[in-house]
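Shown next: my_file22.txt, given as compact mmCIF, C-alpha atoms and all ligand atoms.
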```txt
# COMPACT_ATOMS: atom_id res chain seq x y z
CA MET A 1471 -54.13 -81.63 81.71
CA SER A 1472 -55.26 -81.85 85.27
CA GLU A 1473 -58.87 -82.35 86.30
CA PRO A 1474 -60.48 -79.24 87.73
CA THR A 1475 -60.43 -79.45 91.46
CA LYS A 1476 -63.69 -79.59 93.26
CA GLN A 1477 -63.69 -77.86 96.59
CA ALA A 1478 -65.86 -79.09 99.39
CA GLY A 1479 -69.14 -77.20 99.50
CA ALA A 1480 -68.54 -75.50 96.17
CA ASP A 1481 -71.21 -75.45 93.52
CA THR A 1482 -70.01 -78.01 90.98
CA SER A 1483 -72.99 -77.79 88.67
CA LEU A 1484 -71.05 -75.65 86.20
CA ILE A 1485 -68.06 -77.99 86.16
CA ASP A 1486 -70.28 -81.00 85.61
CA SER A 1487 -72.14 -79.32 82.77
CA PRO A 1488 -71.41 -80.82 79.34
CA ARG A 1489 -70.86 -77.27 78.03
CA PHE A 1490 -68.05 -76.67 80.49
CA THR A 1491 -64.63 -76.23 78.96
CA GLU A 1492 -61.63 -76.14 81.12
CA PRO A 1493 -59.95 -72.72 81.08
CA LYS A 1494 -56.73 -72.64 79.08
CA SER A 1495 -53.54 -72.00 80.93
CA ARG A 1496 -51.03 -69.46 79.62
CA ARG A 1497 -48.66 -72.31 78.77
CA ASP A 1498 -51.37 -73.99 76.65
CA PHE A 1499 -52.09 -70.72 74.88
CA LEU A 1500 -48.41 -70.09 74.06
CA GLY A 1501 -48.01 -73.67 72.89
CA LEU A 1502 -50.98 -73.31 70.54
CA ALA A 1503 -49.72 -69.97 69.28
CA ALA A 1504 -46.33 -71.52 68.54
CA TRP A 1505 -47.93 -74.38 66.62
CA TRP A 1506 -50.10 -72.05 64.56
CA SER A 1507 -47.11 -69.80 63.82
CA ALA A 1508 -45.09 -72.78 62.68
CA PHE A 1509 -47.98 -73.99 60.54
CA GLY A 1510 -48.44 -70.52 58.98
CA THR A 1511 -44.72 -70.28 58.25
CA PHE A 1512 -44.77 -73.71 56.64
CA VAL A 1513 -47.73 -72.81 54.42
CA ILE A 1514 -46.11 -69.55 53.29
CA ALA A 1515 -42.80 -71.33 52.62
CA MET A 1516 -44.61 -73.98 50.56
CA LEU A 1517 -46.38 -71.33 48.50
CA GLY A 1518 -43.00 -69.71 47.82
CA ALA A 1519 -41.46 -73.07 46.91
CA LEU A 1520 -44.28 -73.81 44.46
CA ARG A 1521 -43.60 -70.52 42.74
CA LEU A 1522 -39.84 -71.19 42.31
CA PRO A 1523 -40.00 -73.13 39.04
CA MET A 1524 -41.88 -70.28 37.36
CA PRO A 1525 -39.76 -67.59 35.71
CA SER A 1526 -40.00 -64.15 37.26
CA VAL A 1527 -39.54 -62.50 33.90
CA PHE A 1528 -41.25 -63.99 30.90
CA PRO A 1529 -39.33 -64.00 27.65
CA GLU A 1530 -40.52 -61.56 25.07
CA SER A 1531 -43.58 -63.27 23.68
CA ASN A 1532 -43.18 -61.96 20.16
CA THR A 1533 -39.82 -60.91 18.84
CA ARG A 1534 -41.19 -60.07 15.40
CA VAL A 1535 -41.57 -56.39 14.68
CA LYS A 1536 -43.63 -55.00 11.84
CA ILE A 1537 -41.73 -52.36 9.94
CA GLY A 1538 -44.25 -51.29 7.33
CA PRO A 1539 -45.56 -52.27 3.92
CA PRO A 1540 -43.11 -53.45 1.23
CA ASP A 1541 -43.42 -50.19 -0.73
CA ARG A 1542 -41.98 -48.32 2.24
CA PHE A 1543 -38.63 -49.66 1.10
CA LYS A 1544 -37.79 -48.34 -2.35
CA LYS A 1545 -35.59 -50.36 -4.68
CA ASP A 1546 -31.87 -49.74 -4.23
CA SER A 1547 -32.30 -48.12 -0.83
CA ALA A 1548 -31.00 -48.38 2.72
CA THR A 1549 -33.35 -47.45 5.54
CA HIS A 1550 -32.18 -46.91 9.09
CA LEU A 1551 -34.76 -47.80 11.72
CA THR A 1552 -33.07 -46.12 14.66
CA ASP A 1553 -35.56 -47.22 17.31
CA LEU A 1554 -34.93 -50.85 16.35
CA SER A 1555 -31.16 -50.47 15.79
CA LEU A 1556 -31.74 -51.95 12.39
CA TRP A 1557 -30.86 -51.32 8.78
CA VAL A 1558 -33.22 -52.51 6.06
CA PHE A 1559 -31.84 -52.77 2.55
CA ARG A 1560 -33.71 -53.26 -0.67
CA GLU A 1561 -31.65 -54.07 -3.69
CA ALA A 1562 -32.38 -53.13 -7.28
CA ASP A 1563 -34.01 -56.48 -8.01
CA GLY A 1564 -36.40 -56.03 -5.05
CA GLY A 1565 -34.52 -58.35 -2.65
CA LEU A 1566 -35.01 -57.20 0.93
CA TYR A 1567 -32.83 -57.93 3.93
CA ALA A 1568 -32.35 -56.56 7.43
CA MET A 1569 -29.12 -56.17 9.31
CA SER A 1570 -28.73 -55.35 12.98
CA ALA A 1571 -26.67 -52.25 13.72
CA ILE A 1572 -25.61 -53.69 17.07
CA CYS A 1573 -21.88 -54.29 17.19
CA THR A 1574 -21.00 -57.88 17.99
CA HIS A 1575 -18.18 -56.79 20.30
CA LEU A 1576 -19.96 -55.16 23.24
CA GLY A 1577 -23.22 -54.02 21.75
CA CYS A 1578 -22.64 -50.41 20.72
CA ILE A 1579 -24.54 -49.15 17.70
CA ALA A 1580 -22.41 -49.14 14.57
CA LYS A 1581 -22.79 -46.09 12.34
CA ARG A 1582 -23.09 -46.36 8.58
CA GLU A 1583 -20.57 -44.27 6.72
CA ASP A 1584 -20.85 -42.61 3.34
CA ASN A 1585 -19.03 -45.47 1.63
CA GLY A 1586 -21.59 -47.95 3.01
CA GLU A 1587 -19.27 -49.46 5.63
CA PHE A 1588 -20.14 -49.52 9.30
CA LEU A 1589 -17.93 -48.16 12.03
CA CYS A 1590 -18.43 -48.85 15.70
CA PRO A 1591 -17.70 -45.70 17.71
CA CYS A 1592 -16.83 -47.59 20.90
CA HIS A 1593 -13.70 -49.57 20.04
CA GLY A 1594 -13.33 -48.99 16.33
CA SER A 1595 -14.61 -52.21 14.80
CA ARG A 1596 -15.28 -51.84 11.12
CA PHE A 1597 -17.78 -53.80 9.05
CA ALA A 1598 -18.28 -54.05 5.31
CA ASP A 1599 -21.49 -52.83 3.70
CA ARG A 1600 -23.00 -56.31 4.08
CA GLY A 1601 -21.87 -56.67 7.68
CA LYS A 1602 -18.66 -58.69 7.37
CA VAL A 1603 -15.95 -57.77 9.91
CA LEU A 1604 -13.13 -55.76 8.33
CA ALA A 1605 -11.38 -54.85 11.59
CA GLY A 1606 -11.84 -55.97 15.19
CA PRO A 1607 -12.21 -56.26 18.06
CA ALA A 1608 -15.69 -57.40 16.97
CA PRO A 1609 -15.54 -61.22 16.78
CA SER A 1610 -18.14 -61.57 14.04
CA GLY A 1611 -20.08 -59.62 11.47
CA LEU A 1612 -23.27 -57.68 11.93
CA GLN A 1613 -26.23 -60.01 12.21
CA TRP A 1614 -28.63 -60.55 9.37
CA LEU A 1615 -32.14 -61.00 10.74
CA GLU A 1616 -35.08 -62.96 9.43
CA VAL A 1617 -37.42 -60.90 7.29
CA SER A 1618 -40.89 -62.14 6.34
CA VAL A 1619 -44.31 -60.92 5.30
CA ALA A 1620 -46.92 -60.78 8.06
CA PRO A 1621 -50.49 -62.02 7.38
CA ASP A 1622 -51.58 -58.39 7.01
CA GLY A 1623 -49.03 -57.82 4.23
CA GLN A 1624 -46.54 -55.81 6.28
CA ILE A 1625 -42.86 -56.62 6.35
CA GLN A 1626 -41.74 -57.99 9.71
CA VAL A 1627 -38.32 -58.60 11.18
CA ASP A 1628 -37.58 -61.17 13.85
CA LYS A 1629 -35.00 -59.51 16.08
CA MET A 1630 -34.07 -62.78 17.73
CA ARG A 1631 -33.73 -64.93 14.64
CA GLN A 1632 -30.49 -64.67 12.77
CA VAL A 1633 -30.21 -65.82 9.17
CA LYS A 1634 -27.23 -66.57 6.97
CA PRO A 1635 -25.73 -63.42 5.43
CA GLY A 1636 -27.02 -63.13 1.89
CA THR A 1637 -30.53 -64.35 2.74
CA ARG A 1638 -33.02 -62.03 1.07
CA LEU A 1639 -36.77 -61.82 0.81
CA MET A 1640 -38.13 -61.21 -2.66
CA VAL A 1641 -41.21 -59.00 -2.42
S1 LIG B 1701 -18.60 -52.34 21.01
FE1 LIG B 1701 -18.15 -52.13 18.96
S2 LIG B 1701 -16.04 -52.30 18.86
FE2 LIG B 1701 -16.49 -52.58 20.94
```

Produce structure tokens that represent the structure in this file.
Amino acid sequence: MSEPTKQAGADTSLIDSPRFTEPKSRRDFLGLAAWWSAFGTFVIAMLGALRLPMPSVFPESNTRVKIGPPDRFKKDSATHLTDLSLWVFREADGGLYAMSAICTHLGCIAKREDNGEFLCPCHGSRFADRGKVLAGPAPSGLQWLEVSVAPDGQIQVDKMRQVKPGTRLMV
């Protein structure tokens, strides 16, 4: 930056004052503005980059659903929990198991027929009463889901945890 020019006969007391700051030129101002803009952009980009490793959607924290006390399910019964797309069966000896009604082909809800078999209305897959595939295009049987007793005594089903067909909870 150039030194302020002192004109002959001009009062230079202000220029010589220690509190004097040289006026900024327009070029200096634009240069500073550009630097601050670049700095601001960098900070915002860094904040965005720090956030990248975090998932935008958190996985369902608890996939277990309470479905009621054990005596809700009478012996030798089949209960359809429509809102959960789930069938809960209790056999004569008290054994309890839960089977998803979601067809393993493309996810339609299979309907239980009078003979106990399941029929998928979308593409006609047929499943036996215990979920085994009888006719495709479904590639596999209906899923058996983990059933357990919650600390408060209610029956709970883990919708994300599949168990081997035939696994029952004795309650
Ligand atoms: S979705 Fe069930 S047969 Fe296609």

Neighbours of range 1611-1622 of chain A within 8 Å (all atoms listed in the file; same-chain residues fewer than 4 positions away dropped), as a list in words? Lys1536, Leu1566, Tyr1567, Ala1568, Met1569, Ser1570, Ala1571, Ile1572, Cys1573, Thr1574, Phe1597, Arg1600, Gly1601, Lys1602, Val1603, Gln1626, Val1627, Asp1628, Lys1629, Met1630, Arg1631, Gln1632, Val1633, Lys1634, Pro1635, Thr1637, Arg1638 and Leu1639 of chain A

Enumerate as an mmCIF file with C-alpha atoms, in the coordinates of the input the residues within 7 Å of ligand LIG 1701 (chain B), counting only C-alpha atoms and all ligand atoms.
```
data_model
loop_
_atom_site.group_PDB
_atom_site.id
_atom_site.type_symbol
_atom_site.label_atom_id
_atom_site.label_comp_id
_atom_site.auth_asym_id
_atom_site.auth_seq_id
_atom_site.Cartn_x
_atom_site.Cartn_y
_atom_site.Cartn_z
ATOM 1 C CA CYS A 1573 -21.880 -54.290 17.190
ATOM 2 C CA THR A 1574 -21.000 -57.880 17.990
ATOM 3 C CA HIS A 1575 -18.180 -56.790 20.300
ATOM 4 C CA LEU A 1576 -19.960 -55.160 23.240
ATOM 5 C CA GLY A 1577 -23.220 -54.020 21.750
ATOM 6 C CA CYS A 1578 -22.640 -50.410 20.720
ATOM 7 C CA ALA A 1580 -22.410 -49.140 14.570
ATOM 8 C CA CYS A 1590 -18.430 -48.850 15.700
ATOM 9 C CA PRO A 1591 -17.700 -45.700 17.710
ATOM 10 C CA CYS A 1592 -16.830 -47.590 20.900
ATOM 11 C CA HIS A 1593 -13.700 -49.570 20.040
ATOM 12 C CA GLY A 1594 -13.330 -48.990 16.330
ATOM 13 C CA SER A 1595 -14.610 -52.210 14.800
ATOM 14 C CA GLY A 1606 -11.840 -55.970 15.190
ATOM 15 C CA PRO A 1607 -12.210 -56.260 18.060
ATOM 16 C CA ALA A 1608 -15.690 -57.400 16.970
#
```

Between CA of Gly1538 in chain A and CA of Gly1623 in chain A, measure the distance and give it in Å to one decimal. 8.7 Å

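If you look at CA of Ala1503 in chain A and CA of Arg1521 in chain A, they are 27.2 Å away from each other.
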
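Take the candidates A:Asp1553, A:Glu1561, A:Asp1599, A:Glu1587 and check each one against Met1640 in chain A using all atoms listed in the file; the shortest distance goes to A:Glu1561.
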
As a compact mmCIF listing (two decimals), in the frame of the given file, the rebuilt range 1551-1574 of chain A with N, CA, C and O atoms:
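Just written: part-v7.txt:
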```txt
# COMPACT_ATOMS: atom_id res chain seq x y z
N LEU A 1551 -33.69 -47.86 10.72
CA LEU A 1551 -34.76 -47.80 11.72
C LEU A 1551 -34.08 -47.66 13.08
O LEU A 1551 -33.70 -48.64 13.73
N THR A 1552 -33.89 -46.40 13.47
CA THR A 1552 -33.07 -46.12 14.66
C THR A 1552 -33.64 -46.75 15.93
O THR A 1552 -32.89 -47.26 16.75
N ASP A 1553 -34.97 -46.69 16.07
CA ASP A 1553 -35.56 -47.22 17.31
C ASP A 1553 -35.38 -48.73 17.43
O ASP A 1553 -35.44 -49.28 18.52
N LEU A 1554 -35.13 -49.40 16.32
CA LEU A 1554 -34.93 -50.85 16.35
C LEU A 1554 -33.46 -51.23 16.19
O LEU A 1554 -33.13 -52.42 16.15
N SER A 1555 -32.59 -50.23 16.03
CA SER A 1555 -31.16 -50.47 15.79
C SER A 1555 -30.98 -51.43 14.61
O SER A 1555 -30.30 -52.44 14.69
N LEU A 1556 -31.62 -51.05 13.52
CA LEU A 1556 -31.74 -51.95 12.39
C LEU A 1556 -31.56 -51.19 11.08
O LEU A 1556 -31.98 -50.04 10.96
N TRP A 1557 -30.92 -51.86 10.13
CA TRP A 1557 -30.86 -51.32 8.78
C TRP A 1557 -31.63 -52.26 7.87
O TRP A 1557 -31.45 -53.48 7.95
N VAL A 1558 -32.48 -51.70 7.02
CA VAL A 1558 -33.22 -52.51 6.06
C VAL A 1558 -32.77 -52.08 4.67
O VAL A 1558 -32.78 -50.89 4.33
N PHE A 1559 -32.35 -53.06 3.89
CA PHE A 1559 -31.84 -52.77 2.55
C PHE A 1559 -32.77 -53.40 1.52
O PHE A 1559 -33.26 -54.52 1.72
N ARG A 1560 -32.98 -52.68 0.45
CA ARG A 1560 -33.71 -53.26 -0.67
C ARG A 1560 -32.85 -53.06 -1.91
O ARG A 1560 -32.48 -51.92 -2.23
N GLU A 1561 -32.54 -54.15 -2.54
CA GLU A 1561 -31.65 -54.07 -3.69
C GLU A 1561 -32.45 -53.76 -4.96
O GLU A 1561 -33.69 -53.78 -4.95
N ALA A 1562 -31.74 -53.54 -6.02
CA ALA A 1562 -32.38 -53.13 -7.28
C ALA A 1562 -33.36 -54.17 -7.80
O ALA A 1562 -34.37 -53.82 -8.42
N ASP A 1563 -33.09 -55.43 -7.53
CA ASP A 1563 -34.01 -56.48 -8.01
C ASP A 1563 -35.18 -56.71 -7.05
O ASP A 1563 -35.98 -57.62 -7.25
N GLY A 1564 -35.28 -55.92 -5.99
CA GLY A 1564 -36.40 -56.03 -5.05
C GLY A 1564 -36.06 -56.85 -3.81
O GLY A 1564 -36.86 -56.89 -2.87
N GLY A 1565 -34.92 -57.53 -3.80
CA GLY A 1565 -34.52 -58.35 -2.65
C GLY A 1565 -34.37 -57.49 -1.39
O GLY A 1565 -33.76 -56.43 -1.41
N LEU A 1566 -34.97 -57.97 -0.32
CA LEU A 1566 -35.01 -57.20 0.93
C LEU A 1566 -34.26 -57.98 2.01
O LEU A 1566 -34.42 -59.20 2.12
N TYR A 1567 -33.44 -57.28 2.78
CA TYR A 1567 -32.83 -57.93 3.93
C TYR A 1567 -32.63 -56.91 5.05
O TYR A 1567 -32.64 -55.70 4.81
N ALA A 1568 -32.51 -57.44 6.27
CA ALA A 1568 -32.35 -56.56 7.43
C ALA A 1568 -31.09 -56.95 8.18
O ALA A 1568 -30.79 -58.14 8.33
N MET A 1569 -30.38 -55.94 8.60
CA MET A 1569 -29.12 -56.17 9.31
C MET A 1569 -29.16 -55.38 10.62
O MET A 1569 -29.54 -54.21 10.64
N SER A 1570 -28.76 -56.03 11.68
CA SER A 1570 -28.73 -55.35 12.98
C SER A 1570 -27.54 -54.38 12.99
O SER A 1570 -26.47 -54.68 12.46
N ALA A 1571 -27.75 -53.23 13.60
CA ALA A 1571 -26.67 -52.25 13.72
C ALA A 1571 -25.90 -52.44 15.02
O ALA A 1571 -25.00 -51.67 15.35
N ILE A 1572 -26.24 -53.48 15.76
CA ILE A 1572 -25.61 -53.69 17.07
C ILE A 1572 -24.26 -54.40 16.88
O ILE A 1572 -24.19 -55.51 16.34
N CYS A 1573 -23.24 -53.75 17.33
CA CYS A 1573 -21.88 -54.29 17.19
C CYS A 1573 -21.75 -55.60 17.97
O CYS A 1573 -22.23 -55.71 19.10
N THR A 1574 -21.12 -56.56 17.36
CA THR A 1574 -21.00 -57.88 17.99
C THR A 1574 -19.86 -57.93 19.03
O THR A 1574 -19.64 -58.97 19.63
```
